[in-house]
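Participant: Dropping in target-v4.pdb, with PDB, C-alpha atoms.
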MODEL        1
ATOM      1  CA  MET Z   1       0.000   0.000   0.000
ATOM      2  CA  ASP Z   2       2.872   2.374   0.871
ATOM      3  CA  THR Z   3       4.478   1.630  -2.468
ATOM      4  CA  LEU Z   4       1.218   2.329  -4.283
ATOM      5  CA  ASN Z   5       0.741   5.648  -2.468
ATOM      6  CA  HIS Z   6       4.303   6.650  -3.270
ATOM      7  CA  THR Z   7       3.721   5.852  -6.940
ATOM      8  CA  ILE Z   8       0.591   7.981  -7.018
ATOM      9  CA  THR Z   9       1.976  10.935  -5.054
ATOM     10  CA  LYS Z  10       5.278  11.350  -6.857
ATOM     11  CA  PRO Z  11       3.856  12.396 -10.259
ATOM     12  CA  SER Z  12       1.493  14.773  -8.441
ATOM     13  CA  LEU Z  13       4.388  16.499  -6.683
ATOM     14  CA  PHE Z  14       6.334  16.698  -9.921
ATOM     15  CA  SER Z  15       3.403  18.118 -11.886
ATOM     16  CA  SER Z  16       2.796  20.675  -9.135
ATOM     17  CA  PHE Z  17       6.468  21.697  -9.267
ATOM     18  CA  VAL Z  18       6.270  22.020 -13.053
ATOM     19  CA  ALA Z  19       3.144  24.155 -12.762
ATOM     20  CA  ILE Z  20       4.249  26.476  -9.966
ATOM     21  CA  THR Z  21       7.667  27.131 -11.529
ATOM     22  CA  LYS Z  22       6.018  27.515 -14.981
ATOM     23  CA  ALA Z  23       8.439  25.021 -16.484
ATOM     24  CA  ARG Z  24       7.729  25.828 -20.151
ATOM     25  CA  LEU Z  25       8.339  29.531 -19.566
ATOM     26  CA  ALA Z  26      11.384  28.823 -17.404
ATOM     27  CA  LEU Z  27      12.921  26.550 -20.049
ATOM     28  CA  SER Z  28      12.399  29.174 -22.768
ATOM     29  CA  VAL Z  29      14.193  31.696 -20.555
ATOM     30  CA  VAL Z  30      17.007  29.204 -19.942
ATOM     31  CA  PHE Z  31      17.290  28.770 -23.726
ATOM     32  CA  SER Z  32      17.766  32.547 -24.100
ATOM     33  CA  THR Z  33      20.515  32.425 -21.475
ATOM     34  CA  LEU Z  34      22.137  29.471 -23.239
ATOM     35  CA  ALA Z  35      22.059  31.422 -26.521
ATOM     36  CA  GLY Z  36      23.726  34.435 -24.907
ATOM     37  CA  TYR Z  37      26.413  32.213 -23.395
ATOM     38  CA  LEU Z  38      27.236  30.561 -26.710
ATOM     39  CA  LEU Z  39      27.524  33.983 -28.336
ATOM     40  CA  GLY Z  40      29.849  35.243 -25.626
ATOM     41  CA  VAL Z  41      32.169  32.275 -25.160
ATOM     42  CA  SER Z  42      35.487  32.464 -27.000
ATOM     43  CA  ASP Z  43      37.693  29.385 -26.593
ATOM     44  CA  TRP Z  44      35.625  26.299 -25.823
ATOM     45  CA  SER Z  45      37.000  23.850 -23.257
ATOM     46  CA  SER Z  46      35.702  21.145 -20.926
ATOM     47  CA  GLN Z  47      35.202  23.811 -18.241
ATOM     48  CA  ASN Z  48      32.600  25.482 -20.457
ATOM     49  CA  TRP Z  49      30.338  22.449 -20.166
ATOM     50  CA  ILE Z  50      30.404  22.747 -16.374
ATOM     51  CA  THR Z  51      29.746  26.483 -16.511
ATOM     52  CA  LEU Z  52      26.920  25.927 -18.985
ATOM     53  CA  LEU Z  53      25.328  23.316 -16.723
ATOM     54  CA  PHE Z  54      25.546  25.622 -13.707
ATOM     55  CA  LEU Z  55      24.126  28.497 -15.740
ATOM     56  CA  MET Z  56      21.151  26.442 -16.905
ATOM     57  CA  VAL Z  57      20.348  25.011 -13.461
ATOM     58  CA  GLY Z  58      20.901  28.338 -11.707
ATOM     59  CA  GLY Z  59      18.859  30.142 -14.345
ATOM     60  CA  TYR Z  60      15.949  27.720 -13.955
ATOM     61  CA  CYS Z  61      16.046  28.138 -10.184
ATOM     62  CA  MET Z  62      15.890  31.934 -10.468
ATOM     63  CA  VAL Z  63      13.064  31.966 -13.018
ATOM     64  CA  GLY Z  64      11.226  29.283 -11.077
ATOM     65  CA  ALA Z  65      11.562  31.285  -7.857
ATOM     66  CA  SER Z  66      10.229  34.413  -9.575
ATOM     67  CA  ASN Z  67       7.214  32.466 -10.796
ATOM     68  CA  VAL Z  68       6.596  30.931  -7.368
ATOM     69  CA  PHE Z  69       6.635  34.307  -5.594
ATOM     70  CA  ASN Z  70       4.488  35.787  -8.368
ATOM     71  CA  GLN Z  71       1.846  33.109  -7.828
ATOM     72  CA  ILE Z  72       1.931  33.548  -4.054
ATOM     73  CA  ILE Z  73       1.221  37.260  -4.442
ATOM     74  CA  GLU Z  74      -1.474  36.696  -7.077
ATOM     75  CA  LYS Z  75      -3.094  33.609  -5.535
ATOM     76  CA  ASP Z  76      -6.522  35.212  -5.011
ATOM     77  CA  LEU Z  77      -6.409  36.992  -8.374
ATOM     78  CA  ASP Z  78      -5.422  33.791 -10.183
ATOM     79  CA  ALA Z  79      -8.536  32.143  -8.735
ATOM     80  CA  LEU Z  80     -10.681  34.686 -10.621
ATOM     81  CA  MET Z  81      -9.295  33.936 -14.088
ATOM     82  CA  ASP Z  82     -10.127  30.895 -16.214
ATOM     83  CA  ARG Z  83      -6.542  30.700 -17.454
ATOM     84  CA  THR Z  84      -5.016  30.482 -13.968
ATOM     85  CA  LYS Z  85      -7.685  29.135 -11.598
ATOM     86  CA  ASN Z  86      -6.249  25.621 -11.759
ATOM     87  CA  ARG Z  87      -2.732  26.639 -10.782
ATOM     88  CA  PRO Z  88      -1.400  24.836  -7.662
ATOM     89  CA  LEU Z  89      -2.079  27.661  -5.176
ATOM     90  CA  PRO Z  90      -5.671  28.601  -6.080
ATOM     91  CA  ALA Z  91      -6.439  24.907  -6.645
ATOM     92  CA  GLY Z  92      -5.051  24.074  -3.199
ATOM     93  CA  THR Z  93      -2.545  21.432  -4.300
ATOM     94  CA  ILE Z  94       0.289  23.463  -2.733
ATOM     95  CA  SER Z  95      -0.029  25.605   0.389
ATOM     96  CA  LYS Z  96       1.253  29.170   0.550
ATOM     97  CA  GLN Z  97       3.742  28.172   3.229
ATOM     98  CA  ASN Z  98       5.206  25.341   1.183
ATOM     99  CA  ALA Z  99       5.282  27.543  -1.916
ATOM    100  CA  PHE Z 100       7.166  30.230   0.006
ATOM    101  CA  ILE Z 101       9.702  27.693   1.264
ATOM    102  CA  LEU Z 102      10.177  26.433  -2.289
ATOM    103  CA  GLY Z 103      10.622  30.003  -3.558
ATOM    104  CA  VAL Z 104      13.259  30.764  -0.920
ATOM    105  CA  VAL Z 105      15.140  27.508  -1.568
ATOM    106  CA  LEU Z 106      15.143  28.133  -5.325
ATOM    107  CA  THR Z 107      16.324  31.726  -4.833
ATOM    108  CA  VAL Z 108      19.206  30.811  -2.520
ATOM    109  CA  LEU Z 109      20.204  27.824  -4.635
ATOM    110  CA  GLY Z 110      19.976  29.812  -7.856
ATOM    111  CA  LEU Z 111      22.042  32.712  -6.557
ATOM    112  CA  ALA Z 112      24.692  30.357  -5.155
ATOM    113  CA  ILE Z 113      24.979  28.495  -8.453
ATOM    114  CA  LEU Z 114      25.110  31.692 -10.525
ATOM    115  CA  TYR Z 115      27.735  33.127  -8.152
ATOM    116  CA  TYR Z 116      29.851  30.085  -8.955
ATOM    117  CA  VAL Z 117      29.678  31.162 -12.608
ATOM    118  CA  ASN Z 118      30.715  34.721 -11.666
ATOM    119  CA  ALA Z 119      29.580  37.506  -9.345
ATOM    120  CA  LYS Z 120      28.081  39.692 -12.075
ATOM    121  CA  THR Z 121      25.893  36.862 -13.310
ATOM    122  CA  ALA Z 122      24.541  36.372  -9.789
ATOM    123  CA  MET Z 123      24.006  40.127  -9.435
ATOM    124  CA  PHE Z 124      21.942  40.376 -12.615
ATOM    125  CA  GLY Z 125      20.019  37.267 -11.576
ATOM    126  CA  ALA Z 126      19.191  38.925  -8.252
ATOM    127  CA  ILE Z 127      18.137  42.157  -9.995
ATOM    128  CA  SER Z 128      15.878  40.156 -12.294
ATOM    129  CA  ILE Z 129      14.026  38.330  -9.519
ATOM    130  CA  PHE Z 130      13.692  41.539  -7.463
ATOM    131  CA  MET Z 131      12.219  43.544 -10.342
ATOM    132  CA  TYR Z 132       9.856  40.767 -11.401
ATOM    133  CA  VAL Z 133       8.495  40.040  -7.931
ATOM    134  CA  SER Z 134       8.694  43.408  -6.159
ATOM    135  CA  LEU Z 135       7.962  45.804  -9.034
ATOM    136  CA  TYR Z 136       6.329  44.140 -12.048
ATOM    137  CA  THR Z 137       3.945  41.851 -10.140
ATOM    138  CA  PRO Z 138       2.295  44.497  -7.888
ATOM    139  CA  LEU Z 139       2.186  47.061 -10.710
ATOM    140  CA  LYS Z 140       0.035  44.782 -12.893
ATOM    141  CA  THR Z 141      -3.104  45.861 -11.021
ATOM    142  CA  ILE Z 142      -2.086  49.523 -10.873
ATOM    143  CA  THR Z 143      -0.811  50.660 -14.265
ATOM    144  CA  PRO Z 144      -0.249  49.420 -17.842
ATOM    145  CA  LEU Z 145       3.344  50.618 -17.346
ATOM    146  CA  SER Z 146       3.874  47.299 -15.568
ATOM    147  CA  VAL Z 147       4.737  45.850 -18.999
ATOM    148  CA  PHE Z 148       7.531  48.435 -19.348
ATOM    149  CA  VAL Z 149       8.869  47.550 -15.895
ATOM    150  CA  GLY Z 150       8.521  43.823 -16.577
ATOM    151  CA  ALA Z 151      10.434  44.170 -19.831
ATOM    152  CA  PHE Z 152      13.631  44.785 -17.845
ATOM    153  CA  PRO Z 153      13.784  41.436 -15.991
ATOM    154  CA  GLY Z 154      12.334  39.793 -19.104
ATOM    155  CA  ALA Z 155      15.252  41.043 -21.210
ATOM    156  CA  ILE Z 156      18.005  40.091 -18.765
ATOM    157  CA  PRO Z 157      18.352  36.343 -19.590
ATOM    158  CA  TYR Z 158      19.694  36.815 -23.147
ATOM    159  CA  MET Z 159      22.422  39.190 -22.035
ATOM    160  CA  LEU Z 160      22.983  37.202 -18.818
ATOM    161  CA  GLY Z 161      24.477  34.405 -20.890
ATOM    162  CA  TRP Z 162      26.998  36.798 -22.413
ATOM    163  CA  VAL Z 163      27.954  38.110 -18.953
ATOM    164  CA  ALA Z 164      28.340  34.526 -17.738
ATOM    165  CA  ALA Z 165      30.696  33.730 -20.630
ATOM    166  CA  THR Z 166      32.786  36.911 -20.530
ATOM    167  CA  GLY Z 167      32.517  38.180 -16.964
ATOM    168  CA  HIS Z 168      31.596  41.720 -17.984
ATOM    169  CA  PHE Z 169      28.697  43.841 -19.236
ATOM    170  CA  GLY Z 170      29.405  45.946 -22.322
ATOM    171  CA  ILE Z 171      27.939  47.000 -25.657
ATOM    172  CA  GLU Z 172      27.540  43.361 -26.695
ATOM    173  CA  ALA Z 173      25.460  42.330 -23.668
ATOM    174  CA  GLY Z 174      23.613  45.644 -23.899
ATOM    175  CA  THR Z 175      22.634  44.913 -27.509
ATOM    176  CA  LEU Z 176      21.274  41.476 -26.610
ATOM    177  CA  PHE Z 177      19.344  43.120 -23.796
ATOM    178  CA  ILE Z 178      17.847  45.778 -26.092
ATOM    179  CA  ILE Z 179      16.717  43.207 -28.677
ATOM    180  CA  GLN Z 180      14.804  41.183 -26.113
ATOM    181  CA  PHE Z 181      13.629  44.346 -24.320
ATOM    182  CA  PHE Z 182      11.799  45.675 -27.399
ATOM    183  CA  TRP Z 183      10.499  42.185 -28.201
ATOM    184  CA  GLN Z 184       8.685  42.061 -24.848
ATOM    185  CA  PHE Z 185       6.156  44.752 -25.832
ATOM    186  CA  PRO Z 186       4.479  43.242 -28.918
ATOM    187  CA  HIS Z 187       4.682  39.825 -27.266
ATOM    188  CA  PHE Z 188       2.946  40.806 -24.011
ATOM    189  CA  TRP Z 189       0.538  43.269 -25.598
ATOM    190  CA  ALA Z 190      -0.612  40.470 -27.896
ATOM    191  CA  ILE Z 191      -1.224  38.298 -24.819
ATOM    192  CA  GLY Z 192      -2.938  41.194 -23.054
ATOM    193  CA  TRP Z 193      -5.174  41.676 -26.087
ATOM    194  CA  PHE Z 194      -6.538  38.144 -26.584
ATOM    195  CA  LEU Z 195      -6.778  37.542 -22.803
ATOM    196  CA  TYR Z 196      -8.256  40.983 -22.149
ATOM    197  CA  ASP Z 197     -11.553  39.753 -20.713
ATOM    198  CA  ASP Z 198      -9.867  37.180 -18.470
ATOM    199  CA  TYR Z 199      -7.308  39.722 -17.213
ATOM    200  CA  LYS Z 200     -10.136  42.174 -16.561
ATOM    201  CA  LYS Z 201     -11.676  39.764 -14.021
ATOM    202  CA  ALA Z 202      -8.544  40.114 -11.879
ATOM    203  CA  GLY Z 203      -8.047  43.834 -12.515
ATOM    204  CA  PHE Z 204      -5.022  43.399 -14.772
ATOM    205  CA  PHE Z 205      -4.801  45.989 -17.524
ATOM    206  CA  MET Z 206      -1.767  45.079 -19.588
ATOM    207  CA  LEU Z 207      -2.419  47.125 -22.737
ATOM    208  CA  PRO Z 208      -0.707  50.544 -23.046
ATOM    209  CA  THR Z 209      -3.977  52.468 -23.336
ATOM    210  CA  GLY Z 210      -5.878  50.043 -21.124
ATOM    211  CA  LYS Z 211      -8.085  49.174 -24.099
ATOM    212  CA  ARG Z 212      -8.053  47.089 -27.279
ATOM    213  CA  ASP Z 213      -7.909  50.083 -29.576
ATOM    214  CA  LYS Z 214      -6.006  51.446 -32.566
ATOM    215  CA  LYS Z 215      -3.497  53.261 -30.346
ATOM    216  CA  THR Z 216      -2.512  49.996 -28.658
ATOM    217  CA  ALA Z 217      -2.215  48.239 -32.030
ATOM    218  CA  LEU Z 218      -0.130  51.120 -33.417
ATOM    219  CA  GLN Z 219       2.274  50.988 -30.465
ATOM    220  CA  THR Z 220       2.624  47.250 -31.047
ATOM    221  CA  ILE Z 221       3.741  47.990 -34.609
ATOM    222  CA  LEU Z 222       6.197  50.718 -33.504
ATOM    223  CA  TYR Z 223       7.895  48.547 -30.889
ATOM    224  CA  THR Z 224       8.164  45.712 -33.410
ATOM    225  CA  ILE Z 225       9.993  48.104 -35.745
ATOM    226  CA  TRP Z 226      12.368  49.143 -32.962
ATOM    227  CA  MET Z 227      12.992  45.453 -32.276
ATOM    228  CA  ILE Z 228      13.871  44.836 -35.941
ATOM    229  CA  ILE Z 229      16.311  47.757 -36.003
ATOM    230  CA  ALA Z 230      18.032  46.560 -32.815
ATOM    231  CA  SER Z 231      18.299  43.004 -34.126
ATOM    232  CA  VAL Z 232      20.289  43.948 -37.255
ATOM    233  CA  LEU Z 233      22.661  46.429 -35.556
ATOM    234  CA  PRO Z 234      25.389  43.770 -35.066
ATOM    235  CA  ALA Z 235      25.799  43.634 -38.860
ATOM    236  CA  PHE Z 236      27.046  47.239 -39.001
ATOM    237  CA  GLY Z 237      30.022  47.054 -36.655
ATOM    238  CA  PHE Z 238      28.493  49.108 -33.829
ATOM    239  CA  THR Z 239      28.299  46.323 -31.255
ATOM    240  CA  GLY Z 240      31.856  45.329 -30.425
ATOM    241  CA  LYS Z 241      32.542  41.601 -30.516
ATOM    242  CA  LEU Z 242      28.893  40.799 -31.160
ATOM    243  CA  PHE Z 243      28.870  40.507 -34.938
ATOM    244  CA  LEU Z 244      26.390  39.325 -37.544
ATOM    245  CA  THR Z 245      27.192  38.641 -41.194
ATOM    246  CA  LYS Z 246      25.123  40.377 -43.852
ATOM    247  CA  ILE Z 247      23.438  37.110 -44.886
ATOM    248  CA  SER Z 248      22.387  36.329 -41.322
ATOM    249  CA  ALA Z 249      21.289  39.926 -40.831
ATOM    250  CA  GLY Z 250      19.086  39.502 -43.884
ATOM    251  CA  ILE Z 251      17.519  36.384 -42.380
ATOM    252  CA  VAL Z 252      16.976  38.183 -39.064
ATOM    253  CA  PHE Z 253      15.430  41.118 -40.934
ATOM    254  CA  ILE Z 254      13.037  38.791 -42.787
ATOM    255  CA  LEU Z 255      12.066  37.172 -39.476
ATOM    256  CA  GLY Z 256      11.351  40.656 -38.151
ATOM    257  CA  LEU Z 257       9.173  41.458 -41.166
ATOM    258  CA  TRP Z 258       7.298  38.208 -40.521
ATOM    259  CA  MET Z 259       6.462  39.380 -37.009
ATOM    260  CA  LEU Z 260       5.718  42.911 -38.245
ATOM    261  CA  PHE Z 261       3.223  41.463 -40.743
ATOM    262  CA  TYR Z 262       1.176  40.024 -37.892
ATOM    263  CA  ALA Z 263       1.481  43.230 -35.873
ATOM    264  CA  VAL Z 264       0.036  45.129 -38.836
ATOM    265  CA  LYS Z 265      -2.613  42.438 -39.211
ATOM    266  CA  LEU Z 266      -3.651  43.057 -35.611
ATOM    267  CA  TYR Z 267      -3.959  46.783 -36.403
ATOM    268  CA  LYS Z 268      -6.203  45.996 -39.369
ATOM    269  CA  GLU Z 269      -8.352  43.249 -37.862
ATOM    270  CA  MET Z 270      -8.451  44.345 -34.210
ATOM    271  CA  ASP Z 271      -9.510  40.954 -32.857
ATOM    272  CA  ALA Z 272      -8.352  38.277 -30.433
ATOM    273  CA  LYS Z 273      -7.555  35.819 -33.231
ATOM    274  CA  ALA Z 274      -5.004  38.191 -34.782
ATOM    275  CA  ALA Z 275      -3.514  38.921 -31.346
ATOM    276  CA  ARG Z 276      -3.115  35.230 -30.561
ATOM    277  CA  LYS Z 277      -1.406  34.679 -33.901
ATOM    278  CA  LEU Z 278       0.995  37.542 -33.186
ATOM    279  CA  MET Z 279       1.820  36.022 -29.811
ATOM    280  CA  ILE Z 280       2.586  32.633 -31.366
ATOM    281  CA  VAL Z 281       4.726  34.212 -34.077
ATOM    282  CA  SER Z 282       6.591  36.318 -31.491
ATOM    283  CA  VAL Z 283       7.595  33.191 -29.540
ATOM    284  CA  SER Z 284       8.860  31.544 -32.731
ATOM    285  CA  TYR Z 285      10.621  34.748 -33.761
ATOM    286  CA  ILE Z 286      12.762  35.177 -30.642
ATOM    287  CA  SER Z 287      13.860  31.524 -30.668
ATOM    288  CA  LEU Z 288      14.684  31.563 -34.384
ATOM    289  CA  LEU Z 289      16.572  34.859 -34.020
ATOM    290  CA  GLN Z 290      18.741  33.392 -31.274
ATOM    291  CA  ILE Z 291      19.407  30.270 -33.339
ATOM    292  CA  VAL Z 292      20.443  32.401 -36.343
ATOM    293  CA  PHE Z 293      22.837  34.431 -34.167
ATOM    294  CA  ILE Z 294      24.413  31.227 -32.812
ATOM    295  CA  LEU Z 295      24.739  29.534 -36.207
ATOM    296  CA  ASP Z 296      26.189  32.716 -37.685
ATOM    297  CA  LYS Z 297      28.943  32.749 -35.079
ATOM    298  CA  PHE Z 298      29.935  29.103 -35.336
ATOM    299  CA  LEU Z 299      29.556  28.639 -39.104
ATOM    300  CA  ARG Z 300      31.297  31.749 -40.427
TER     301      ARG Z 300
ENDMDL
END
Here is a file; write its structure as C-alpha cells.
Facilitator:
Amino acid sequence: MDTLNHTITKPSLFSSFVAITKARLALSVVFSTLAGYLLGVSDWSSQNWITLLFLMVGGYCMVGASNVFNQIIEKDLDALMDRTKNRPLPAGTISKQNAFILGVVLTVLGLAILYYVNAKTAMFGAISIFMYVSLYTPLKTITPLSVFVGAFPGAIPYMLGWVAATGHFGIEAGTLFIIQFFWQFPHFWAIGWFLYDDYKKAGFFMLPTGKRDKKTALQTILYTIWMIIASVLPAFGFTGKLFLTKISAGIVFILGLWMLFYAVKLYKEMDAKAARKLMIVSVSYISLLQIVFILDKFLR
C-alpha cells in the first residue's frame, strides 16, 4: 500500500512543481541564457560544459523562484481567471507556506549556483528576480506601465548568458538586452489583447492604453519596428565583438518582417484571433533569431 501511495503521489508532486515554476516559460528563458552564453564564449574547453550546466540550473532556479513568488502574491487573483484558476495555489494542491519555502530555496540555490559562474551573473540574476516580484507583479493591477517595468527582468536572460561567458557587461550584452527588451512589448501586448476579458476579471490591464484600440495596435507595430532595427545592428560594426554577417542579418530582418506582418494584421483586424497569432509568431521569432545568431557565429 505504501508503495502504491508513493507511486501515485510522486507524479502529483512533480506536476505541481512544473506548474508552480512555470516550467515551459522557465525553459524558454534558460534557452535565451544558453544562446547568450554561446555567443559570448570564445575558446571552448571542458570547463565550459560545467559552466553551462551551472548556468542552466541556476537560471531555472531563479526563473522558477520568480514564478513561485508571483503566484503567491497573485493567488486570489489567479482564482478569478479561467486561465489560472487551476494553478497549484488557487487549486489548493500546494499551500502558501510550502510555496514560500520552495521560492526561498530556489532563490538561494539559484544565486549560489550563478555566483559560482561569476559575481556579475549572480548580481543580474538577483536584480531580475527583485524587479519581477517586487515591481512588475504588484504594478500589474495599478498601471499598464507594468509591462515596461517587466520588460527589464524579461530582457536580462539573453544578455545574462553573455555576462556569464565573458565576466563583464558591455555593448555586446547591452545589444542582446535591447533586442529582447523591445520584443517584450508586442509579445505581451498580444497576450494582453486576446486575454483581455480574463485579465479584466482580476483587474489586470496590460495594454498601453488600457483598451483594445487602434493606439494599442499602433504601439505594437512601432515597438516591433524598434525590435527589428536593434536586431540587425550587429551587422554594421556598432556592437563590439557581437557581430552578424550580412546574410544572417538579412535572415533576421526577414524574421522581423514576418512578425511585423502580424502586428500590422492586428492593427487591421483588431480581434483576439489576430492577437493570438501575433503572440505565437513572437515566440517563434525570438527563438529563431537566437538560433540564427548562434549559427552565424559558429559557421562563419
Participant: Selected by the PyMOL selection byres ((chain Z and resi 209) around 12) in the shown coordinates: which residues, as JSON, numbers by chain?
Facilitator: {"Z": [143, 144, 145, 147, 189, 192, 193, 205, 206, 207, 208, 210, 211, 212, 213, 214, 215, 216, 217, 218, 219, 220]}
Participant: So how many Å separate atom CA of Ala35 of chain Z and atom CA of Thr166 of chain Z, to one decimal?
Facilitator: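 Between atom CA of Ala35 of chain Z and atom CA of Thr166 of chain Z the gap is 13.5 Å.
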Participant: Which residues are near Ser128 of chain Z? Cut-off 12 Å, only C-alpha atoms, ignore same chain within fewer than 6 positions. Put them as a list in words.
Facilitator: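 Everything that qualifies: Val29, Gly59, Met62, Val63, Gly64, Ala65, Ser66, Asn67, Thr107, Gly110, Leu111, Thr121, Ala122, Ser134, Leu135, Tyr136, Val149, Gly150, Ala151, Phe152, Pro153, Gly154, Ala155, Ile156, Pro157, Tyr158, Met159 and Leu160 of chain Z.
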Participant: Expanded to explicit residues, what is the PyMOL selection byres ((chain Z and resi 246) around 10) for this file, as a list in words?
Facilitator: Val232, Pro234, Ala235, Phe236, Phe243, Leu244, Thr245, Ile247, Ser248, Ala249, Gly250, Ile251, Val252 and Asp296 of chain Z
Participant: On this structure, the PyMOL selection byres ((chain Z and resi 60) around 12) would catch which residues? List them as an NGL selection string, sorted by chain and number.
Facilitator: :Z and (18 or 21-34 or 53-59 or 61-68 or 103 or 106-107 or 109-111 or 113-114 or 125 or 129 or 157)
Participant: I need the residue nearest Thr51 of chain Z from this list: Z:Ile20, Z:Ala164, Z:Leu295, Z:Ile72. Use all atoms listed in the file for the distance.
Facilitator: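 Once distances to Thr51 of chain Z are computed over all atoms listed in the file, the minimum belongs to Z:Ala164.
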Participant: Considering only C-alpha atoms, state which residue in the set Z:Leu139, Z:Ala263, Z:Ala19, Z:Leu38 is at the smallest distance from Asn86 of chain Z.
Facilitator: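 For Asn86 of chain Z, the nearest of the candidates is Z:Ala19.
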Participant: For Tyr262 of chain Z, which of Z:Pro186, Z:Gly92, Z:Gly203, Z:Gly240 is the closest residue, counting all atoms listed in the file?
Facilitator: Z:Pro186
Participant: Excluding segment 81-85 of chain Z and its own-chain neighbours fewer than 3 positions away, which residues fall within 10 Å of it when counting all atoms listed in the file? Please give them as a count of residues only.
Facilitator: 17
Participant: For atom CA of Ile221 of chain Z and atom CA of Lys265 of chain Z, quote the distance in Å rounded to one decimal.
Facilitator: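 So the answer is 9.6 Å.
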Participant: Any idea what the distance is between atom CA of Tyr196 of chain Z and atom CA of Arg276 of chain Z?
Facilitator: 11.4 Å
Participant: Calculate, to one decimal in Å, the centre and edge lengths of the box along x, y and z of the file that holds all listed atoms of segment 137-149 of chain Z with 5 Å of margin on each side, and present them as AutoDock Vina command-line options.
Facilitator:
--center_x 2.9 --center_y 46.3 --center_z -13.6 --size_x 22.0 --size_y 18.8 --size_z 21.5
Participant: For Phe253 of chain Z, which of Z:Thr175, Z:Asn48, Z:Thr239, Z:Thr224 is the closest residue, counting all atoms listed in the file?
Facilitator: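 The answer is Z:Thr224, which sits nearest to Phe253 of chain Z.
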Participant: Since the input is missing atoms for segment 264-269 of chain Z, could you rebuild it with all heavy atoms and give the result as a PDB file, keeping the file's coordinate frame?
Facilitator:
ATOM      1  N   VAL Z 264       0.870  44.312 -37.952  1.00  0.00           N
ATOM      2  CA  VAL Z 264       0.036  45.129 -38.836  1.00  0.00           C
ATOM      3  C   VAL Z 264      -1.340  44.485 -39.009  1.00  0.00           C
ATOM      4  O   VAL Z 264      -2.372  45.173 -39.040  1.00  0.00           O
ATOM      5  CB  VAL Z 264       0.715  45.320 -40.211  1.00  0.00           C
ATOM      6  CG1 VAL Z 264      -0.234  46.011 -41.196  1.00  0.00           C
ATOM      7  CG2 VAL Z 264       2.000  46.128 -40.057  1.00  0.00           C
ATOM      8  N   LYS Z 265      -1.349  43.165 -39.081  1.00  0.00           N
ATOM      9  CA  LYS Z 265      -2.613  42.438 -39.211  1.00  0.00           C
ATOM     10  C   LYS Z 265      -3.496  42.679 -37.991  1.00  0.00           C
ATOM     11  O   LYS Z 265      -4.729  42.828 -38.127  1.00  0.00           O
ATOM     12  CB  LYS Z 265      -2.342  40.948 -39.388  1.00  0.00           C
ATOM     13  CG  LYS Z 265      -3.557  40.144 -39.833  1.00  0.00           C
ATOM     14  CD  LYS Z 265      -3.160  38.713 -40.172  1.00  0.00           C
ATOM     15  CE  LYS Z 265      -4.390  37.950 -40.677  1.00  0.00           C
ATOM     16  NZ  LYS Z 265      -4.064  36.557 -41.025  1.00  0.00           N
ATOM     17  N   LEU Z 266      -2.895  42.738 -36.824  1.00  0.00           N
ATOM     18  CA  LEU Z 266      -3.651  43.057 -35.611  1.00  0.00           C
ATOM     19  C   LEU Z 266      -4.254  44.452 -35.717  1.00  0.00           C
ATOM     20  O   LEU Z 266      -5.413  44.669 -35.349  1.00  0.00           O
ATOM     21  CB  LEU Z 266      -2.746  42.965 -34.378  1.00  0.00           C
ATOM     22  CG  LEU Z 266      -3.370  43.411 -33.042  1.00  0.00           C
ATOM     23  CD1 LEU Z 266      -4.578  42.530 -32.690  1.00  0.00           C
ATOM     24  CD2 LEU Z 266      -2.341  43.365 -31.921  1.00  0.00           C
ATOM     25  N   TYR Z 267      -3.479  45.406 -36.233  1.00  0.00           N
ATOM     26  CA  TYR Z 267      -3.959  46.783 -36.403  1.00  0.00           C
ATOM     27  C   TYR Z 267      -5.155  46.831 -37.357  1.00  0.00           C
ATOM     28  O   TYR Z 267      -6.110  47.595 -37.138  1.00  0.00           O
ATOM     29  CB  TYR Z 267      -2.828  47.655 -36.949  1.00  0.00           C
ATOM     30  CG  TYR Z 267      -3.196  49.112 -37.128  1.00  0.00           C
ATOM     31  CD1 TYR Z 267      -3.144  50.000 -36.054  1.00  0.00           C
ATOM     32  CD2 TYR Z 267      -3.599  49.597 -38.373  1.00  0.00           C
ATOM     33  CE1 TYR Z 267      -3.481  51.338 -36.214  1.00  0.00           C
ATOM     34  CE2 TYR Z 267      -3.940  50.932 -38.547  1.00  0.00           C
ATOM     35  CZ  TYR Z 267      -3.874  51.794 -37.463  1.00  0.00           C
ATOM     36  OH  TYR Z 267      -4.221  53.125 -37.626  1.00  0.00           O
ATOM     37  N   LYS Z 268      -5.117  45.997 -38.379  1.00  0.00           N
ATOM     38  CA  LYS Z 268      -6.203  45.996 -39.369  1.00  0.00           C
ATOM     39  C   LYS Z 268      -7.445  45.260 -38.873  1.00  0.00           C
ATOM     40  O   LYS Z 268      -8.577  45.710 -39.069  1.00  0.00           O
ATOM     41  CB  LYS Z 268      -5.721  45.363 -40.677  1.00  0.00           C
ATOM     42  CG  LYS Z 268      -4.697  46.194 -41.439  1.00  0.00           C
ATOM     43  CD  LYS Z 268      -4.279  45.486 -42.722  1.00  0.00           C
ATOM     44  CE  LYS Z 268      -3.304  46.327 -43.523  1.00  0.00           C
ATOM     45  NZ  LYS Z 268      -2.884  45.630 -44.770  1.00  0.00           N
ATOM     46  N   GLU Z 269      -7.219  44.107 -38.214  1.00  0.00           N
ATOM     47  CA  GLU Z 269      -8.352  43.249 -37.862  1.00  0.00           C
ATOM     48  C   GLU Z 269      -8.893  43.505 -36.456  1.00  0.00           C
ATOM     49  O   GLU Z 269     -10.067  43.231 -36.182  1.00  0.00           O
ATOM     50  CB  GLU Z 269      -7.963  41.784 -38.033  1.00  0.00           C
ATOM     51  CG  GLU Z 269      -7.573  41.453 -39.471  1.00  0.00           C
ATOM     52  CD  GLU Z 269      -7.227  39.997 -39.676  1.00  0.00           C
ATOM     53  OE1 GLU Z 269      -7.321  39.202 -38.714  1.00  0.00           O
ATOM     54  OE2 GLU Z 269      -6.856  39.636 -40.815  1.00  0.00           O
TER      55      GLU Z 269
END
